[in-house]
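Next comes upload.pdb, a file with PDB, C-alpha atoms and all ligand atoms.
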```pdb
ATOM      1  CA  MET C   1      -7.897   4.415  25.284
ATOM      2  CA  LEU C   2      -8.711   4.263  21.600
ATOM      3  CA  ASN C   3      -7.780   7.209  19.478
ATOM      4  CA  SER C   4     -10.309   7.546  16.690
ATOM      5  CA  GLN C   5      -8.044  10.207  15.189
ATOM      6  CA  TYR C   6      -5.668   7.549  13.926
ATOM      7  CA  THR C   7      -6.652   4.732  11.588
ATOM      8  CA  GLY C   8      -3.974   2.725   9.862
ATOM      9  CA  ARG C   9      -4.162  -0.376   7.721
ATOM     10  CA  PHE C  10      -2.379  -3.254   6.073
ATOM     11  CA  ALA C  11      -3.478  -4.089   2.548
ATOM     12  CA  PRO C  12      -1.789  -7.185   1.137
ATOM     13  CA  SER C  13      -2.736  -8.749  -2.166
ATOM     14  CA  PRO C  14      -3.811 -12.391  -1.747
ATOM     15  CA  THR C  15      -1.279 -13.621  -4.263
ATOM     16  CA  GLY C  16       0.556 -16.083  -2.034
ATOM     17  CA  HIS C  17       2.046 -16.430   1.422
ATOM     18  CA  LEU C  18       3.290 -13.359   3.219
ATOM     19  CA  HIS C  19       7.017 -12.991   2.816
ATOM     20  CA  LEU C  20       9.354 -11.288   5.239
ATOM     21  CA  GLY C  21       9.199  -8.005   3.354
ATOM     22  CA  SER C  22       5.418  -7.820   3.725
ATOM     23  CA  VAL C  23       5.482  -8.835   7.356
ATOM     24  CA  TYR C  24       8.100  -6.142   7.951
ATOM     25  CA  THR C  25       5.714  -3.500   6.575
ATOM     26  CA  ALA C  26       2.790  -5.011   8.476
ATOM     27  CA  LEU C  27       4.676  -4.813  11.771
ATOM     28  CA  ALA C  28       5.742  -1.196  11.188
ATOM     29  CA  SER C  29       2.207  -0.182  10.326
ATOM     30  CA  PHE C  30       0.791  -2.105  13.315
ATOM     31  CA  LEU C  31       3.255  -0.521  15.760
ATOM     32  CA  GLU C  32       2.608   2.971  14.415
ATOM     33  CA  ALA C  33      -1.142   2.462  14.889
ATOM     34  CA  ARG C  34      -0.831   0.958  18.349
ATOM     35  CA  THR C  35       1.559   3.581  19.693
ATOM     36  CA  HIS C  36      -0.988   6.189  18.599
ATOM     37  CA  GLN C  37      -3.768   4.143  20.285
ATOM     38  CA  GLY C  38      -5.214   3.957  16.798
ATOM     39  CA  LEU C  39      -7.149   1.401  14.805
ATOM     40  CA  TRP C  40      -5.373  -1.015  12.500
ATOM     41  CA  ARG C  41      -7.473  -2.389   9.679
ATOM     42  CA  LEU C  42      -6.917  -5.291   7.318
ATOM     43  CA  ARG C  43      -7.929  -5.242   3.676
ATOM     44  CA  PHE C  44      -7.244  -7.617   0.837
ATOM     45  CA  ASP C  45      -6.306  -5.931  -2.415
ATOM     46  CA  ASP C  46      -7.849  -8.634  -4.543
ATOM     47  CA  LEU C  47      -8.913  -6.796  -7.699
ATOM     48  CA  ASP C  48      -6.160  -8.203  -9.885
ATOM     49  CA  THR C  49      -8.049 -11.483 -10.064
ATOM     50  CA  PRO C  50      -5.652 -13.391 -12.356
ATOM     51  CA  ARG C  51      -2.963 -13.010  -9.676
ATOM     52  CA  ASN C  52      -5.123 -14.126  -6.740
ATOM     53  CA  VAL C  53      -4.254 -17.478  -5.219
ATOM     54  CA  SER C  54      -7.011 -19.433  -3.573
ATOM     55  CA  GLY C  55      -6.469 -19.849   0.158
ATOM     56  CA  ALA C  56      -3.919 -17.009   0.310
ATOM     57  CA  ALA C  57      -6.203 -14.627   2.219
ATOM     58  CA  ASN C  58      -6.752 -17.252   4.910
ATOM     59  CA  HIS C  59      -3.096 -18.024   5.126
ATOM     60  CA  ILE C  60      -2.202 -14.346   5.450
ATOM     61  CA  GLN C  61      -4.714 -13.930   8.289
ATOM     62  CA  GLN C  62      -3.261 -16.932  10.089
ATOM     63  CA  THR C  63       0.246 -15.544   9.686
ATOM     64  CA  LEU C  64      -0.778 -12.200  11.176
ATOM     65  CA  GLU C  65      -2.574 -13.932  14.055
ATOM     66  CA  THR C  66       0.422 -16.144  14.788
ATOM     67  CA  LEU C  67       2.621 -13.058  14.936
ATOM     68  CA  GLY C  68       0.141 -11.408  17.312
ATOM     69  CA  LEU C  69      -0.757  -8.710  14.777
ATOM     70  CA  HIS C  70      -4.491  -8.565  15.479
ATOM     71  CA  TRP C  71      -6.483  -6.160  13.349
ATOM     72  CA  ASP C  72      -9.586  -4.182  14.267
ATOM     73  CA  GLY C  73     -13.050  -4.803  12.865
ATOM     74  CA  GLU C  74     -14.005  -6.943   9.916
ATOM     75  CA  VAL C  75     -11.601  -7.845   7.149
ATOM     76  CA  ASP C  76     -12.422  -5.949   3.958
ATOM     77  CA  TYR C  77     -12.034  -7.123   0.363
ATOM     78  CA  GLN C  78     -11.817  -4.772  -2.602
ATOM     79  CA  SER C  79     -13.852  -7.195  -4.697
ATOM     80  CA  TRP C  80     -16.902  -6.487  -2.503
ATOM     81  CA  HIS C  81     -16.969  -2.894  -3.731
ATOM     82  CA  LEU C  82     -16.840  -3.120  -7.523
ATOM     83  CA  ASP C  83     -20.057  -1.118  -7.901
ATOM     84  CA  ASP C  84     -18.558   1.758  -5.937
ATOM     85  CA  TYR C  85     -15.435   2.005  -8.112
ATOM     86  CA  HIS C  86     -17.598   1.906 -11.237
ATOM     87  CA  ALA C  87     -19.930   4.600  -9.929
ATOM     88  CA  VAL C  88     -17.028   7.009  -9.365
ATOM     89  CA  LEU C  89     -15.593   6.081 -12.742
ATOM     90  CA  MET C  90     -18.924   6.885 -14.439
ATOM     91  CA  ASP C  91     -18.884  10.255 -12.794
ATOM     92  CA  LEU C  92     -15.341  10.966 -14.026
ATOM     93  CA  ILE C  93     -16.361   9.879 -17.534
ATOM     94  CA  ALA C  94     -19.368  12.210 -17.415
ATOM     95  CA  LYS C  95     -17.049  15.055 -16.417
ATOM     96  CA  GLN C  96     -14.663  14.147 -19.260
ATOM     97  CA  GLN C  97     -11.804  13.646 -16.864
ATOM     98  CA  VAL C  98     -11.026  10.199 -18.218
ATOM     99  CA  TYR C  99     -10.771   8.975 -21.793
ATOM    100  CA  ARG C 100     -10.581   5.693 -23.656
ATOM    101  CA  CYS C 101      -7.131   4.519 -24.630
ATOM    102  CA  GLN C 102      -6.041   1.711 -26.921
ATOM    103  CA  CYS C 103      -2.295   1.937 -26.549
ATOM    104  CA  SER C 104      -0.677  -1.356 -25.782
ATOM    105  CA  ARG C 105       2.169  -1.682 -23.344
ATOM    106  CA  LYS C 106       4.715  -1.825 -26.111
ATOM    107  CA  ASP C 107       3.482   1.505 -27.538
ATOM    108  CA  LEU C 108       4.279   3.204 -24.292
ATOM    109  CA  THR C 109       7.359   5.044 -23.223
ATOM    110  CA  SER C 110       7.806   5.783 -19.548
ATOM    111  CA  ILE C 111       5.882   9.052 -19.860
ATOM    112  CA  TYR C 112       2.512   8.634 -21.527
ATOM    113  CA  ALA C 113       2.318  10.954 -24.537
ATOM    114  CA  GLN C 114      -1.477  11.485 -24.385
ATOM    115  CA  THR C 115      -1.752   9.643 -27.707
ATOM    116  CA  CYS C 116      -5.429   8.785 -27.264
ATOM    117  CA  ARG C 117      -6.579  11.953 -25.468
ATOM    118  CA  ASN C 118      -8.261  13.388 -28.516
ATOM    119  CA  GLN C 119      -9.093  10.215 -30.443
ATOM    120  CA  HIS C 120     -12.578   8.866 -30.806
ATOM    121  CA  ILE C 121     -12.488   5.278 -29.670
ATOM    122  CA  PRO C 122     -15.831   3.454 -29.870
ATOM    123  CA  ALA C 123     -17.103   2.207 -26.504
ATOM    124  CA  ASN C 124     -17.319  -1.349 -27.852
ATOM    125  CA  ASP C 125     -13.658  -1.541 -28.822
ATOM    126  CA  PRO C 126     -11.343  -2.902 -26.136
ATOM    127  CA  HIS C 127      -9.853   0.038 -24.259
ATOM    128  CA  SER C 128      -8.458   1.155 -20.970
ATOM    129  CA  LEU C 129      -9.591   4.309 -19.180
ATOM    130  CA  ARG C 130      -6.992   6.950 -18.523
ATOM    131  CA  LEU C 131      -7.160   9.949 -16.223
ATOM    132  CA  LYS C 132      -6.124  13.338 -17.589
ATOM    133  CA  THR C 133      -3.350  14.833 -15.515
ATOM    134  CA  ASP C 134      -2.478  18.480 -15.539
ATOM    135  CA  ASN C 135       0.755  20.335 -15.384
ATOM    136  CA  ARG C 136       1.213  21.142 -11.707
ATOM    137  CA  GLU C 137       3.288  19.927  -8.798
ATOM    138  CA  ILE C 138       1.836  17.449  -6.345
ATOM    139  CA  ILE C 139       3.611  18.062  -3.054
ATOM    140  CA  PHE C 140       3.356  16.063   0.142
ATOM    141  CA  ASP C 141       5.363  15.413   3.278
ATOM    142  CA  ASP C 142       6.440  11.891   3.991
ATOM    143  CA  TYR C 143       7.095  11.427   7.670
ATOM    144  CA  LEU C 144      10.419   9.690   7.018
ATOM    145  CA  HIS C 145      11.501  11.169   3.705
ATOM    146  CA  GLY C 146      10.440  14.806   3.969
ATOM    147  CA  GLN C 147       8.917  16.792   1.175
ATOM    148  CA  ILE C 148       8.235  14.916  -2.052
ATOM    149  CA  SER C 149       7.204  16.750  -5.164
ATOM    150  CA  GLN C 150       6.138  15.393  -8.523
ATOM    151  CA  ASN C 151       4.582  16.794 -11.667
ATOM    152  CA  LEU C 152       2.458  13.950 -12.973
ATOM    153  CA  ALA C 153       1.851  15.392 -16.426
ATOM    154  CA  MET C 154       5.588  15.903 -16.944
ATOM    155  CA  GLN C 155       6.943  12.859 -15.111
ATOM    156  CA  HIS C 156       4.305  10.166 -15.732
ATOM    157  CA  GLY C 157       1.583  11.400 -18.006
ATOM    158  CA  ASP C 158      -2.076  10.427 -17.868
ATOM    159  CA  PHE C 159      -2.502   7.232 -15.911
ATOM    160  CA  ILE C 160      -4.837   4.251 -16.037
ATOM    161  CA  LEU C 161      -7.890   3.884 -13.794
ATOM    162  CA  LYS C 162      -9.355   0.847 -15.504
ATOM    163  CA  ARG C 163      -7.272  -1.640 -17.442
ATOM    164  CA  LYS C 164      -8.108  -3.019 -20.867
ATOM    165  CA  ASP C 165      -9.018  -6.338 -19.234
ATOM    166  CA  ASN C 166     -11.650  -4.402 -17.228
ATOM    167  CA  ILE C 167      -9.740  -4.594 -13.976
ATOM    168  CA  ILE C 168      -9.888  -1.472 -11.807
ATOM    169  CA  ALA C 169      -6.340  -0.180 -11.378
ATOM    170  CA  TYR C 170      -4.676  -0.222  -7.960
ATOM    171  CA  GLN C 171      -4.000   3.566  -8.013
ATOM    172  CA  PHE C 172      -7.694   4.300  -8.279
ATOM    173  CA  ALA C 173      -9.110   1.560  -6.053
ATOM    174  CA  VAL C 174      -6.760   2.268  -3.169
ATOM    175  CA  VAL C 175      -7.961   5.867  -2.869
ATOM    176  CA  LEU C 176     -11.583   4.781  -2.482
ATOM    177  CA  ASP C 177     -10.612   1.870  -0.231
ATOM    178  CA  ASP C 178      -8.794   4.074   2.238
ATOM    179  CA  ILE C 179     -11.757   6.459   2.404
ATOM    180  CA  ARG C 180     -14.208   3.593   2.888
ATOM    181  CA  GLN C 181     -12.119   2.245   5.768
ATOM    182  CA  GLU C 182     -11.600   5.764   7.152
ATOM    183  CA  VAL C 183      -7.851   5.311   6.938
ATOM    184  CA  ASN C 184      -5.948   8.512   7.639
ATOM    185  CA  HIS C 185      -2.421   7.166   8.175
ATOM    186  CA  ILE C 186      -0.762   5.061   5.516
ATOM    187  CA  VAL C 187       2.383   3.132   6.377
ATOM    188  CA  ARG C 188       3.772   1.083   3.503
ATOM    189  CA  GLY C 189       6.957   0.171   1.655
ATOM    190  CA  ILE C 190       9.035   2.789  -0.116
ATOM    191  CA  ASP C 191       8.528   0.873  -3.360
ATOM    192  CA  LEU C 192       5.094   2.542  -3.419
ATOM    193  CA  LEU C 193       6.426   6.073  -2.899
ATOM    194  CA  ASP C 194       6.186   6.725  -6.615
ATOM    195  CA  SER C 195       2.459   5.839  -6.538
ATOM    196  CA  THR C 196       1.622   8.317  -3.825
ATOM    197  CA  PRO C 197       1.467  11.452  -6.044
ATOM    198  CA  LYS C 198      -1.033   9.692  -8.319
ATOM    199  CA  GLN C 199      -3.177   8.838  -5.330
ATOM    200  CA  ILE C 200      -2.976  12.381  -3.979
ATOM    201  CA  TYR C 201      -3.881  13.708  -7.422
ATOM    202  CA  LEU C 202      -7.028  11.566  -7.320
ATOM    203  CA  GLN C 203      -7.831  12.554  -3.745
ATOM    204  CA  GLN C 204      -7.634  16.217  -4.747
ATOM    205  CA  LEU C 205      -9.762  15.654  -7.828
ATOM    206  CA  LEU C 206     -12.411  13.780  -5.843
ATOM    207  CA  LYS C 207     -12.205  16.324  -3.000
ATOM    208  CA  LEU C 208     -11.237  13.669  -0.456
ATOM    209  CA  PRO C 209      -9.122  14.218   2.648
ATOM    210  CA  ILE C 210      -5.409  13.506   2.123
ATOM    211  CA  PRO C 211      -4.029  10.892   4.540
ATOM    212  CA  HIS C 212      -0.616  11.094   6.212
ATOM    213  CA  TYR C 213       2.059   9.023   4.502
ATOM    214  CA  LEU C 214       5.024   7.171   5.887
ATOM    215  CA  HIS C 215       7.077   4.923   3.611
ATOM    216  CA  VAL C 216       9.289   2.400   5.389
ATOM    217  CA  PRO C 217      12.423   0.890   3.822
ATOM    218  CA  ILE C 218      12.223  -2.330   1.892
ATOM    219  CA  LEU C 219      14.221  -5.420   2.767
ATOM    220  CA  VAL C 220      16.797  -6.329   0.152
ATOM    221  CA  ASP C 221      19.147  -9.261  -0.292
ATOM    222  CA  ALA C 222      22.904  -9.002  -0.777
ATOM    223  CA  LYS C 223      22.419  -8.342  -4.484
ATOM    224  CA  GLY C 224      20.170  -5.386  -3.686
ATOM    225  CA  HIS C 225      17.071  -7.234  -4.897
ATOM    226  CA  LYS C 226      13.804  -6.584  -3.141
ATOM    227  CA  LEU C 227      12.668  -9.656  -1.249
ATOM    228  CA  SER C 228       9.792 -11.301  -2.925
ATOM    229  CA  LYS C 229       8.055 -14.569  -2.501
ATOM    230  CA  SER C 230      10.218 -16.089  -5.201
ATOM    231  CA  THR C 231      13.232 -15.650  -2.913
ATOM    232  CA  LEU C 232      13.229 -18.798  -0.814
ATOM    233  CA  ALA C 233      15.197 -17.222   2.003
ATOM    234  CA  THR C 234      12.282 -14.949   2.840
ATOM    235  CA  ALA C 235       9.709 -17.559   3.855
ATOM    236  CA  VAL C 236       8.311 -16.625   7.252
ATOM    237  CA  ASP C 237       9.035 -19.419   9.718
ATOM    238  CA  LEU C 238       5.878 -19.616  11.782
ATOM    239  CA  THR C 239       7.232 -22.290  14.105
ATOM    240  CA  THR C 240       9.164 -19.570  15.945
ATOM    241  CA  PRO C 241       7.061 -16.403  15.547
ATOM    242  CA  ASN C 242       8.900 -14.760  18.459
ATOM    243  CA  ARG C 243      12.209 -15.039  16.601
ATOM    244  CA  VAL C 244      10.621 -13.610  13.473
ATOM    245  CA  LEU C 245       9.326 -10.611  15.414
ATOM    246  CA  PHE C 246      12.658 -10.112  17.109
ATOM    247  CA  GLN C 247      14.482 -10.135  13.782
ATOM    248  CA  LEU C 248      11.967  -7.758  12.225
ATOM    249  CA  LEU C 249      12.444  -5.345  15.140
ATOM    250  CA  ARG C 250      16.165  -5.346  14.461
ATOM    251  CA  TRP C 251      15.568  -4.554  10.814
ATOM    252  CA  LEU C 252      13.204  -1.829  11.988
ATOM    253  CA  LYS C 253      16.218  -0.429  13.889
ATOM    254  CA  GLN C 254      14.506  -0.688  17.261
ATOM    255  CA  ASN C 255      17.486  -2.360  19.003
ATOM    256  CA  PRO C 256      15.530  -4.995  20.917
ATOM    257  CA  PRO C 257      17.497  -6.351  23.911
ATOM    258  CA  LEU C 258      18.867  -9.865  23.339
ATOM    259  CA  GLU C 259      16.888 -11.397  26.184
ATOM    260  CA  LEU C 260      13.675 -10.496  24.347
ATOM    261  CA  GLU C 261      14.354 -13.014  21.602
ATOM    262  CA  ASN C 262      12.999 -15.991  23.529
ATOM    263  CA  GLU C 263      10.031 -14.186  25.018
ATOM    264  CA  LYS C 264       6.472 -14.907  23.974
ATOM    265  CA  VAL C 265       5.006 -13.034  21.025
ATOM    266  CA  ASP C 266       2.776 -10.872  23.235
ATOM    267  CA  ASN C 267       5.681  -9.785  25.416
ATOM    268  CA  ILE C 268       7.782  -8.895  22.401
ATOM    269  CA  LEU C 269       4.971  -6.799  20.971
ATOM    270  CA  LYS C 270       4.395  -5.148  24.348
ATOM    271  CA  TRP C 271       8.074  -4.172  24.471
ATOM    272  CA  ALA C 272       7.923  -3.004  20.866
ATOM    273  CA  ILE C 273       4.886  -0.788  21.468
ATOM    274  CA  GLU C 274       6.533   0.751  24.538
ATOM    275  CA  HIS C 275       9.795   1.466  22.738
ATOM    276  CA  TRP C 276       8.677   2.101  19.165
ATOM    277  CA  ASP C 277      10.508   4.960  17.519
ATOM    278  CA  VAL C 278       9.797   5.113  13.809
ATOM    279  CA  ALA C 279      12.178   8.075  13.379
ATOM    280  CA  ARG C 280      15.049   5.570  13.494
ATOM    281  CA  LEU C 281      14.093   4.722   9.926
ATOM    282  CA  LYS C 282      14.425   8.327   8.763
ATOM    283  CA  SER C 283      15.694   8.641   5.188
ATOM    284  CA  ILE C 284      16.526   4.919   4.977
ATOM    285  CA  GLU C 285      15.413   3.295   1.726
ATOM    286  CA  GLN C 286      16.751  -0.226   1.999
ATOM    287  CA  ILE C 287      17.637  -2.658   4.752
ATOM    288  CA  LEU C 288      20.097  -5.348   3.808
ATOM    289  CA  ILE C 289      19.221  -8.665   5.377
TER     290      ILE C 289
HETATM  291  N1  LIG V   1      -1.660  -4.165  -2.107
HETATM  292  C1  LIG V   1      -0.472  -3.398  -2.175
HETATM  293  C2  LIG V   1       0.732  -4.294  -2.122
HETATM  294  O1  LIG V   1       0.626  -5.412  -1.628
HETATM  295  C3  LIG V   1      -0.337  -2.422  -1.022
HETATM  296  C4  LIG V   1      -1.116  -1.233  -1.270
HETATM  297  C5  LIG V   1      -0.876  -0.099  -0.292
HETATM  298  O2  LIG V   1      -0.371  -0.306   0.822
HETATM  299  O3  LIG V   1      -1.256   0.989  -0.673
HETATM  300  O4  LIG V   1       1.788  -3.903  -2.566
END
```

Show me, as structure tokens, the structure contained in the file I just sent.
Amino acid sequence: MLNSQYTGRFAPSPTGHLHLGSVYTALASFLEARTHQGLWRLRFDDLDTPRNVSGAANHIQQTLETLGLHWDGEVDYQSWHLDDYHAVLMDLIAKQQVYRCQCSRKDLTSIYAQTCRNQHIPANDPHSLRLKTDNREIIFDDYLHGQISQNLAMQHGDFILKRKDNIIAYQFAVVLDDIRQEVNHIVRGIDLLDSTPKQIYLQQLLKLPIPHYLHVPILVDAKGHKLSKSTLATAVDLTTPNRVLFQLLRWLKQNPPLELENEKVDNILKWAIEHWDVARLKSIEQILI
């Protein structure tokens, strides 16, 4: 029976083929949703248009299908919702919660010094839009990593909602995307843990419900580098999707029995749903492959 209380999602950027690290996160998020009888949605984070690769969204869908990771409902694309992001942005501008900023990347230290907060920058000059942060702790519980606490004003400073090249920033878009898709459980890589306080800050500001968060480890190579599509070794071999799933289950610490390796994709996933125990990833940040 479907549990409308749980909606998860996978939100890749269509910047190339899925690599093992992304498929690892996709599988974890899929299994979490399915063991809760929840929905699992697919969205393409395609706002950073210069990075989009034509055909990538199709290829990603085929990869998920081949691995038996079938999503619920229609695929969603961020680029279909530009008007919605802009409408919320207008509202924040009207409430003076964002301001124009002309700092270039090289002007910036790791904590933004609010340089442009009180400057008058004409609307016609190229600028980004930055959100004012205030001096308070953002606290949340990650299912695998416990309580996380961050003071944005002290540790990051005001952050960007719209870039100078007019592109809506990921931190801002993702908050509205997850609401639109009614996502209430977010499973993603620990490399995004540092983004979560910014997103919670925005959810609080916009009076939106706060989803549950669970950050899974990232796959790293022997040098401790995160797998990325530039690492050849990570290409997903779709000729043997069952082996890929089996290997991913090992890296997810699910101890799949050896005889499962040559089973069909559907049988492997059935076993995985029956035995899934995400707590085995507790406090783990990296998996060496
Ligand atoms: N599009 C993001 C990425 O590929 C994922 C965003 C998210 O899961 O919040 O890294």

Exercise: C:Tyr77 partners within 9 Å, all atoms listed in the file, chain neighbours under 2 positions left out, as a PDB file with C-alpha atoms, in the coordinates of the input:
```
ATOM      1  CA  LEU C  42      -6.917  -5.291   7.318  1.00  0.00           C
ATOM      2  CA  ARG C  43      -7.929  -5.242   3.676  1.00  0.00           C
ATOM      3  CA  PHE C  44      -7.244  -7.617   0.837  1.00  0.00           C
ATOM      4  CA  ASP C  45      -6.306  -5.931  -2.415  1.00  0.00           C
ATOM      5  CA  ASP C  46      -7.849  -8.634  -4.543  1.00  0.00           C
ATOM      6  CA  LEU C  47      -8.913  -6.796  -7.699  1.00  0.00           C
ATOM      7  CA  VAL C  75     -11.601  -7.845   7.149  1.00  0.00           C
ATOM      8  CA  SER C  79     -13.852  -7.195  -4.697  1.00  0.00           C
ATOM      9  CA  TRP C  80     -16.902  -6.487  -2.503  1.00  0.00           C
ATOM     10  CA  HIS C  81     -16.969  -2.894  -3.731  1.00  0.00           C
TER      11      HIS C  81
END
```

Name the residues that the PyMOL selection byres (((chain C and resi 18) around 12) and not hetatm) picks from the file above, as a compact mmCIF listing (two decimals) with C-alpha atoms, keeping the file's coordinate frame, using the file's chain letters and numbers.
```txt
# COMPACT_ATOMS: atom_id res chain seq x y z
CA PHE C 10 -2.38 -3.25 6.07
CA ALA C 11 -3.48 -4.09 2.55
CA PRO C 12 -1.79 -7.18 1.14
CA SER C 13 -2.74 -8.75 -2.17
CA PRO C 14 -3.81 -12.39 -1.75
CA THR C 15 -1.28 -13.62 -4.26
CA GLY C 16 0.56 -16.08 -2.03
CA HIS C 17 2.05 -16.43 1.42
CA HIS C 19 7.02 -12.99 2.82
CA LEU C 20 9.35 -11.29 5.24
CA GLY C 21 9.20 -8.01 3.35
CA SER C 22 5.42 -7.82 3.72
CA VAL C 23 5.48 -8.84 7.36
CA TYR C 24 8.10 -6.14 7.95
CA THR C 25 5.71 -3.50 6.58
CA ALA C 26 2.79 -5.01 8.48
CA ALA C 56 -3.92 -17.01 0.31
CA ALA C 57 -6.20 -14.63 2.22
CA ASN C 58 -6.75 -17.25 4.91
CA HIS C 59 -3.10 -18.02 5.13
CA ILE C 60 -2.20 -14.35 5.45
CA GLN C 61 -4.71 -13.93 8.29
CA GLN C 62 -3.26 -16.93 10.09
CA THR C 63 0.25 -15.54 9.69
CA LEU C 64 -0.78 -12.20 11.18
CA LEU C 67 2.62 -13.06 14.94
CA LEU C 227 12.67 -9.66 -1.25
CA SER C 228 9.79 -11.30 -2.92
CA LYS C 229 8.06 -14.57 -2.50
CA SER C 230 10.22 -16.09 -5.20
CA THR C 231 13.23 -15.65 -2.91
CA THR C 234 12.28 -14.95 2.84
CA ALA C 235 9.71 -17.56 3.86
CA VAL C 236 8.31 -16.62 7.25
CA ASP C 237 9.04 -19.42 9.72
CA LEU C 238 5.88 -19.62 11.78
```

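Residues matched by the PyMOL selection byres (((chain C and resi 193-202) around 7) and not hetatm) in this file are Ile138, Gln150, Gln171, Val175, Ile190, Asp191, Leu192, Gln203, Gln204, Leu205, Leu206, Ile210 and His215 of chain C.
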
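Atom to atom, atom CA of C:Leu252 and atom C4 of ligand LIG 1 (chain V) stand 19.5 Å apart.
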
Nearest candidate to ligand LIG 1 (chain V) (options C:Leu31, C:Ile218, C:Leu144, C:Leu69; using all atoms listed in the file)
C:Ile218

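With all atoms listed in the file as the atoms that count, the residue of C:Gly224, C:Pro257, C:Gly157, C:Pro50 with the shortest distance to C:His275 is C:Pro257.
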
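Between ligand LIG 1 (chain V) and the candidates C:Arg280, C:Lys207, C:Lys270, C:Arg188, the tightest atom-to-atom separation, counting all atoms listed in the file, involves C:Arg188.
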
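For the set C:Phe172, C:Phe140, C:Tyr112, C:Tyr85, the residue with the smallest atom-to-atom gap to C:Leu152 is C:Tyr112, counting all atoms listed in the file.
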
Place N, CA, C and O atoms on stretch 264-276 of chain C and deliver the coordinates as a JSON list (two decimals), keeping the file's coordinate frame.
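Contents of the output file rebuild.json:
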```
[["chain", "number", "residue", "atom", "x", "y", "z"],
["C", 264, "LYS", "N", 7.68, -14.60, 24.75],
["C", 264, "LYS", "CA", 6.47, -14.91, 23.97],
["C", 264, "LYS", "C", 6.14, -13.72, 23.08],
["C", 264, "LYS", "O", 6.50, -12.57, 23.37],
["C", 265, "VAL", "N", 5.42, -14.04, 22.00],
["C", 265, "VAL", "CA", 5.01, -13.03, 21.02],
["C", 265, "VAL", "C", 4.39, -11.79, 21.70],
["C", 265, "VAL", "O", 4.77, -10.65, 21.39],
["C", 266, "ASP", "N", 3.47, -12.01, 22.62],
["C", 266, "ASP", "CA", 2.78, -10.87, 23.24],
["C", 266, "ASP", "C", 3.73, -9.97, 24.01],
["C", 266, "ASP", "O", 3.58, -8.74, 24.01],
["C", 267, "ASN", "N", 4.72, -10.59, 24.66],
["C", 267, "ASN", "CA", 5.68, -9.78, 25.42],
["C", 267, "ASN", "C", 6.59, -8.99, 24.48],
["C", 267, "ASN", "O", 6.96, -7.86, 24.78],
["C", 268, "ILE", "N", 6.93, -9.61, 23.37],
["C", 268, "ILE", "CA", 7.78, -8.90, 22.40],
["C", 268, "ILE", "C", 7.02, -7.69, 21.85],
["C", 268, "ILE", "O", 7.55, -6.58, 21.76],
["C", 269, "LEU", "N", 5.76, -7.92, 21.52],
["C", 269, "LEU", "CA", 4.97, -6.80, 20.97],
["C", 269, "LEU", "C", 4.76, -5.71, 22.02],
["C", 269, "LEU", "O", 4.78, -4.52, 21.71],
["C", 270, "LYS", "N", 4.59, -6.14, 23.27],
["C", 270, "LYS", "CA", 4.39, -5.15, 24.35],
["C", 270, "LYS", "C", 5.65, -4.27, 24.45],
["C", 270, "LYS", "O", 5.57, -3.03, 24.51],
["C", 271, "TRP", "N", 6.81, -4.93, 24.42],
["C", 271, "TRP", "CA", 8.07, -4.17, 24.47],
["C", 271, "TRP", "C", 8.15, -3.24, 23.26],
["C", 271, "TRP", "O", 8.50, -2.05, 23.39],
["C", 272, "ALA", "N", 7.79, -3.78, 22.10],
["C", 272, "ALA", "CA", 7.92, -3.00, 20.87],
["C", 272, "ALA", "C", 7.02, -1.77, 20.89],
["C", 272, "ALA", "O", 7.42, -0.69, 20.45],
["C", 273, "ILE", "N", 5.81, -1.93, 21.42],
["C", 273, "ILE", "CA", 4.89, -0.79, 21.47],
["C", 273, "ILE", "C", 5.44, 0.27, 22.44],
["C", 273, "ILE", "O", 5.40, 1.46, 22.16],
["C", 274, "GLU", "N", 5.99, -0.20, 23.55],
["C", 274, "GLU", "CA", 6.53, 0.75, 24.54],
["C", 274, "GLU", "C", 7.75, 1.52, 24.01],
["C", 274, "GLU", "O", 7.97, 2.66, 24.38],
["C", 275, "HIS", "N", 8.53, 0.85, 23.17],
["C", 275, "HIS", "CA", 9.80, 1.47, 22.74],
["C", 275, "HIS", "C", 9.80, 1.97, 21.30],
["C", 275, "HIS", "O", 10.82, 2.49, 20.84],
["C", 276, "TRP", "N", 8.72, 1.81, 20.61],
["C", 276, "TRP", "CA", 8.68, 2.10, 19.16],
["C", 276, "TRP", "C", 9.10, 3.53, 18.86],
["C", 276, "TRP", "O", 8.58, 4.49, 19.41]]
```
